[in-house]
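Below is the file final_19.tsv, which contains TSV, C-alpha atoms.
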chain	number	residue	atom	x	y	z
A	1	MET	CA	-20.18	22.03	-26.81
A	2	SER	CA	-23.31	22.52	-24.74
A	3	SER	CA	-23.33	25.56	-22.48
A	4	ARG	CA	-24.24	23.24	-19.59
A	5	TYR	CA	-20.66	21.99	-19.45
A	6	GLN	CA	-17.59	23.87	-18.28
A	7	VAL	CA	-14.23	22.42	-19.19
A	8	MET	CA	-11.08	23.37	-17.32
A	9	ILE	CA	-7.70	21.93	-18.32
A	10	TYR	CA	-4.68	22.19	-16.02
A	11	SER	CA	-1.29	20.68	-16.87
A	12	CYS	CA	1.41	20.23	-14.25
A	13	GLY	CA	4.77	18.51	-14.73
A	14	ILE	CA	6.79	17.33	-11.72
A	15	THR	CA	10.22	15.72	-12.02
A	16	HIS	CA	12.29	13.69	-9.53
A	17	LEU	CA	9.12	12.68	-7.67
A	18	LYS	CA	9.60	9.93	-5.08
A	19	LEU	CA	6.66	8.85	-2.95
A	20	ASN	CA	6.82	6.02	-0.41
A	21	GLU	CA	7.49	2.68	-2.14
A	22	LEU	CA	6.47	3.86	-5.60
A	23	PRO	CA	8.97	3.94	-8.50
A	24	LEU	CA	10.60	7.26	-9.35
A	25	ASN	CA	8.19	9.77	-10.93
A	26	HIS	CA	5.10	7.69	-10.10
A	27	LEU	CA	2.15	9.27	-8.33
A	28	ILE	CA	0.16	6.04	-8.05
A	29	ALA	CA	0.87	2.33	-8.34
A	30	LYS	CA	0.81	0.73	-11.78
A	31	THR	CA	-2.22	-1.33	-10.76
A	32	GLN	CA	-4.26	1.81	-10.05
A	33	GLN	CA	-6.41	3.52	-12.64
A	34	PRO	CA	-4.84	6.96	-13.38
A	35	VAL	CA	-8.19	8.68	-13.99
A	36	ALA	CA	-10.40	9.59	-11.05
A	37	ASN	CA	-13.39	11.83	-10.43
A	38	ALA	CA	-12.26	14.61	-8.08
A	39	GLY	CA	-15.71	14.72	-6.48
A	40	ILE	CA	-15.68	16.77	-3.28
A	41	TYR	CA	-12.05	17.73	-3.95
A	42	THR	CA	-12.84	19.50	-7.24
A	43	GLU	CA	-12.95	23.03	-5.88
A	44	GLN	CA	-9.93	22.44	-3.64
A	45	ILE	CA	-7.82	21.19	-6.56
A	46	LYS	CA	-8.97	24.09	-8.73
A	47	GLN	CA	-7.91	26.57	-6.04
A	48	ILE	CA	-4.50	24.88	-5.76
A	49	PHE	CA	-3.89	25.21	-9.50
A	50	ASP	CA	-5.11	28.80	-9.55
A	51	SER	CA	-2.66	29.57	-6.75
A	52	LEU	CA	0.17	27.83	-8.64
A	53	ILE	CA	-0.56	29.90	-11.74
A	54	LEU	CA	-0.63	33.12	-9.71
A	55	HIS	CA	2.76	32.54	-8.08
A	56	ALA	CA	4.34	31.16	-11.27
A	57	THR	CA	3.87	34.57	-12.90
A	58	GLN	CA	5.84	36.34	-10.15
A	59	THR	CA	9.62	36.83	-10.32
A	60	GLN	CA	10.59	37.29	-6.67
A	61	ALA	CA	12.52	34.39	-5.12
A	62	ILE	CA	9.96	33.90	-2.34
A	63	HIS	CA	7.39	32.73	-4.89
A	64	ALA	CA	9.51	29.69	-5.83
A	65	GLU	CA	9.37	28.53	-2.21
A	66	ILE	CA	5.62	29.17	-2.08
A	67	ILE	CA	5.19	27.09	-5.26
A	68	HIS	CA	7.13	24.27	-3.59
A	69	TYR	CA	4.66	24.08	-0.69
A	70	ILE	CA	1.61	24.51	-2.93
A	71	THR	CA	2.87	21.58	-5.03
A	72	LEU	CA	3.21	19.46	-1.87
A	73	ASN	CA	-0.38	20.35	-1.05
A	74	LEU	CA	-1.45	19.24	-4.51
A	75	LEU	CA	0.39	15.94	-4.23
A	76	LEU	CA	-1.05	15.18	-0.80
A	77	THR	CA	-4.57	16.02	-1.98
A	78	VAL	CA	-4.34	13.85	-5.10
A	79	CYS	CA	-2.77	10.94	-3.18
A	80	HIS	CA	-5.53	11.13	-0.58
A	81	LEU	CA	-8.16	11.18	-3.33
A	82	PHE	CA	-6.75	7.99	-4.89
A	83	GLU	CA	-6.40	6.27	-1.51
A	84	GLU	CA	-10.03	6.98	-0.65
A	85	ARG	CA	-11.13	5.71	-4.04
A	86	GLN	CA	-9.07	2.52	-3.65
A	87	GLN	CA	-10.64	1.80	-0.26
A	88	HIS	CA	-14.12	1.84	-1.79
A	89	LEU	CA	-13.28	-0.82	-4.34
A	90	SER	CA	-13.34	-4.52	-3.53
A	91	ASP	CA	-10.29	-6.62	-4.45
A	92	LYS	CA	-12.42	-8.55	-6.93
A	93	LYS	CA	-13.51	-5.40	-8.76
A	94	ILE	CA	-9.99	-3.98	-8.72
A	95	THR	CA	-8.63	-7.16	-10.32
A	96	LEU	CA	-11.35	-7.26	-12.97
A	97	GLY	CA	-11.06	-3.52	-13.56
A	98	GLN	CA	-7.32	-3.88	-14.13
A	99	ARG	CA	-7.91	-6.77	-16.57
A	100	ILE	CA	-10.39	-4.69	-18.54
A	101	LYS	CA	-8.07	-1.68	-18.55
A	102	GLU	CA	-5.16	-3.76	-19.84
A	103	PHE	CA	-7.38	-5.15	-22.60
A	104	LEU	CA	-8.62	-1.69	-23.59
A	105	ASP	CA	-5.11	-0.23	-23.52
A	106	LYS	CA	-4.00	-2.99	-25.88
A	107	TYR	CA	-6.90	-2.82	-28.35
A	108	TYR	CA	-8.26	0.75	-28.04
A	109	LEU	CA	-7.24	1.59	-31.62
A	110	GLU	CA	-9.37	-1.27	-32.98
A	111	GLN	CA	-13.12	-1.36	-33.50
A	112	ILE	CA	-14.15	-3.04	-30.25
A	113	ASP	CA	-17.44	-2.86	-28.41
A	114	ILE	CA	-18.79	-4.11	-25.09
A	115	ALA	CA	-19.85	-7.43	-26.65
A	116	SER	CA	-16.38	-8.19	-28.02
A	117	ILE	CA	-14.73	-7.17	-24.72
A	118	SER	CA	-17.17	-9.36	-22.79
A	119	HIS	CA	-16.46	-12.31	-25.08
A	120	ALA	CA	-12.68	-11.87	-24.95
A	121	LEU	CA	-12.56	-11.67	-21.15
A	122	ASN	CA	-15.37	-14.20	-20.59
A	123	VAL	CA	-17.26	-11.79	-18.31
A	124	ASN	CA	-20.95	-10.91	-18.33
A	125	ARG	CA	-21.25	-7.65	-20.25
A	126	TYR	CA	-23.38	-5.93	-17.60
A	127	TYR	CA	-21.09	-6.96	-14.74
A	128	LEU	CA	-18.12	-5.93	-16.87
A	129	SER	CA	-19.52	-2.44	-17.45
A	130	HIS	CA	-20.47	-1.99	-13.80
A	131	SER	CA	-17.09	-3.18	-12.51
A	132	PHE	CA	-15.08	-1.01	-14.90
A	133	LYS	CA	-17.22	2.02	-14.10
A	134	ALA	CA	-16.51	1.50	-10.40
A	135	PHE	CA	-12.82	0.97	-11.11
A	136	SER	CA	-12.16	3.83	-13.53
A	137	GLY	CA	-15.07	6.24	-13.30
A	138	TYR	CA	-15.81	5.66	-16.99
A	139	SER	CA	-17.71	3.14	-19.06
A	140	PRO	CA	-15.49	1.07	-21.41
A	141	LYS	CA	-16.71	3.17	-24.35
A	142	GLN	CA	-15.90	6.44	-22.58
A	143	TYR	CA	-12.47	5.12	-21.61
A	144	ILE	CA	-11.69	4.15	-25.21
A	145	ILE	CA	-12.70	7.63	-26.39
A	146	ARG	CA	-10.48	9.32	-23.81
A	147	ARG	CA	-7.62	6.93	-24.51
A	148	ARG	CA	-7.81	7.73	-28.20
A	149	LEU	CA	-8.07	11.45	-27.59
A	150	GLY	CA	-5.12	11.34	-25.21
A	151	GLU	CA	-3.04	9.79	-27.99
A	152	ALA	CA	-4.40	12.38	-30.44
A	153	GLN	CA	-3.39	15.23	-28.12
A	154	SER	CA	0.15	13.85	-27.96
A	155	LEU	CA	0.33	13.54	-31.76
A	156	LEU	CA	-1.01	17.06	-32.25
A	157	LEU	CA	1.75	18.53	-30.09
A	158	ASN	CA	4.63	16.28	-31.13
A	159	THR	CA	4.14	15.69	-34.86
A	160	ASP	CA	3.35	17.68	-37.99
A	161	ASP	CA	0.67	15.18	-39.05
A	162	SER	CA	-2.58	16.58	-40.38
A	163	VAL	CA	-5.75	16.28	-38.30
A	164	ALA	CA	-7.07	13.73	-40.81
A	165	LYS	CA	-3.95	11.57	-40.46
A	166	ILE	CA	-4.05	11.77	-36.68
A	167	ALA	CA	-7.74	10.82	-36.70
A	168	SER	CA	-6.89	7.72	-38.72
A	169	LYS	CA	-3.98	6.84	-36.40
A	170	VAL	CA	-6.20	6.90	-33.31
A	171	GLY	CA	-8.96	4.76	-34.76
A	172	TYR	CA	-11.32	7.18	-36.52
A	173	SER	CA	-11.99	6.58	-40.21
A	174	ASN	CA	-14.18	9.69	-40.40
A	175	VAL	CA	-12.26	12.91	-39.66
A	176	ASN	CA	-15.49	14.85	-39.08
A	177	ASN	CA	-16.55	12.36	-36.42
A	178	PHE	CA	-13.12	12.66	-34.78
A	179	HIS	CA	-13.34	16.47	-34.91
A	180	ASP	CA	-16.80	16.49	-33.27
A	181	ILE	CA	-15.79	14.06	-30.49
A	182	PHE	CA	-12.53	15.94	-29.81
A	183	GLU	CA	-14.34	19.26	-29.51
A	184	LYS	CA	-17.07	17.82	-27.30
A	185	VAL	CA	-14.66	16.16	-24.85
A	186	ILE	CA	-11.68	18.55	-24.90
A	187	GLY	CA	-13.71	21.73	-25.33
A	188	MET	CA	-12.05	23.01	-28.50
A	189	SER	CA	-11.18	21.84	-32.01
A	190	PRO	CA	-7.97	19.85	-32.67
A	191	GLY	CA	-6.52	22.79	-34.60
A	192	LYS	CA	-7.25	25.27	-31.82
A	193	TYR	CA	-5.86	22.87	-29.22
A	194	LYS	CA	-2.57	22.53	-31.11
A	195	LYS	CA	-2.22	26.26	-31.65
A	196	LEU	CA	-3.05	27.08	-28.03
A	197	TRP	CA	-0.57	24.67	-26.46
A	198	LEU	CA	2.27	25.26	-28.93
A	199	ASN	CA	1.96	28.99	-28.28
A	200	LYS	CA	2.09	28.35	-24.52
A	201	LEU	CA	5.11	26.06	-24.84
A	202	SER	CA	7.01	28.58	-26.95
A	203	SER	CA	6.23	31.59	-24.73

Can you present the structure in this file as structure tokens?
Amino acid sequence: MSSRYQVMIYSCGITHLKLNELPLNHLIAKTQQPVANAGIYTEQIKQIFDSLILHATQTQAIHAEIIHYITLNLLLTVCHLFEERQQHLSDKKITLGQRIKEFLDKYYLEQIDIASISHALNVNRYYLSHSFKAFSGYSPKQYIIRRRLGEAQSLLLNTDDSVAKIASKVGYSNVNNFHDIFEKVIGMSPGKYKKLWLNKLSS
């Protein structure tokens, strides 16, 4: 990966979450795109996670209470980020963006391109790309890549399948191509990713 890019991965699991009118354990509505650019909130969110990690390594009872309030801060920040983003999107673009997302989620394992998506949804390809970029923060191609890699990450941690088999399962006929894309986007090889997270989960 180019030295110009810095990749930071934080994982946080929250159970029994109930926000406003949302279903149990939902942070956003089903109609909202679950990927958003943190923008001006990037540093703030990073500091929140760093603080969570710091207190999670402490054993005194007071740190559990501190973690509780830090987590509330995180939830409020993320909810505000998504609310701001939603306000900047027109209803028309939200509806089209959701249609495109549903199509991509259904066919992301197949060999689809912008032309086939445009034809299937009967939308001008340039307007389609612009609308989905505004809706999700990604181009359709970038979304497909991240959708596939998200599935690959899950398979790496929850199955004993080889990297080659996982590559095939998520739509890559060439394992070397899958390996290169995974390392570029995630910041490490599939093998290193699996070893790192399984070691963390077992510690």

Original post:
How many Å separate atom CA of Lys184 of chain A from atom CA of Ile114 of chain A?
Top reply: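 The value is 22.1 Å.
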
Original post:
Quick one: residues within 9 Å of Ile70 of chain A, only C-alpha atoms counted, chain neighbours fewer than 6 positions away excluded, as JSON, numbers by chain?
Top reply: {"A": [48, 49, 51, 52]}

Subject >> Residue neighbourhood Ala29 of chain A, 12 Å, all atoms listed in the file, exclusion window fewer than 5 positions, as a list in words >> reply: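 Contacts, in chain order: Leu19, Asn20, Glu21, Leu22, Pro23, Leu24, Pro34, Cys79, Phe82, Glu83, Gln86 and Gln98 of chain A.
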
**OP:** Using atom CA of Pro140 of chain A and atom CA of Asn25 of chain A as the two end points, give the distance in Å to one decimal.
**Re:** 27.3 Å

Subject >> Contact residues around Ile9 of chain A with all atoms listed in the file at 12 Å, ignoring same-chain residues under 2 positions, as a PyMOL selection string >> reply: chain A and resi 6-7+11-12+45-46+49-50+185-188+193+196-197

Original post:
So which residues are close to (-6.7, 1.4, -31.0), meaning at most 9 Å away in the file's coordinates with all atoms listed in the file counted, and can you show them as a PyMOL selection string?
Top reply: chain A and resi 104-112+144+147-148+169-171

**OP:** Find, counting only C-alpha atoms, the residue in A:Leu75, A:Ala134, A:Val35, A:Ile100 that gets nearest to His119 of chain A.
**Re:**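 Between A:Leu75, A:Ala134, A:Val35, A:Ile100, the residue approaching His119 of chain A most closely is A:Ile100.
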
Subject >> Distance of atom CA of Leu27 of chain A from atom CA of Ala152 of chain A, expressed in Å to one decimal place >> reply: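 Answer for the atom CA of Ala152 of chain A to atom CA of Leu27 of chain A separation: 23.3 Å.
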
Subject >> Neighbour list for Leu156 of chain A as a PyMOL selection string, cut-off 12 Å, only C-alpha atoms, skip fewer than 3 positions in-chain >> reply: chain A and resi 149-153+159-167+169-170+182+189-198

Subject >> Residue neighbourhood Ser139 of chain A, 10 Å, only C-alpha atoms, exclusion window fewer than 5 positions, as a ChimeraX atom specification >> reply: /A:114,128-134,144-145
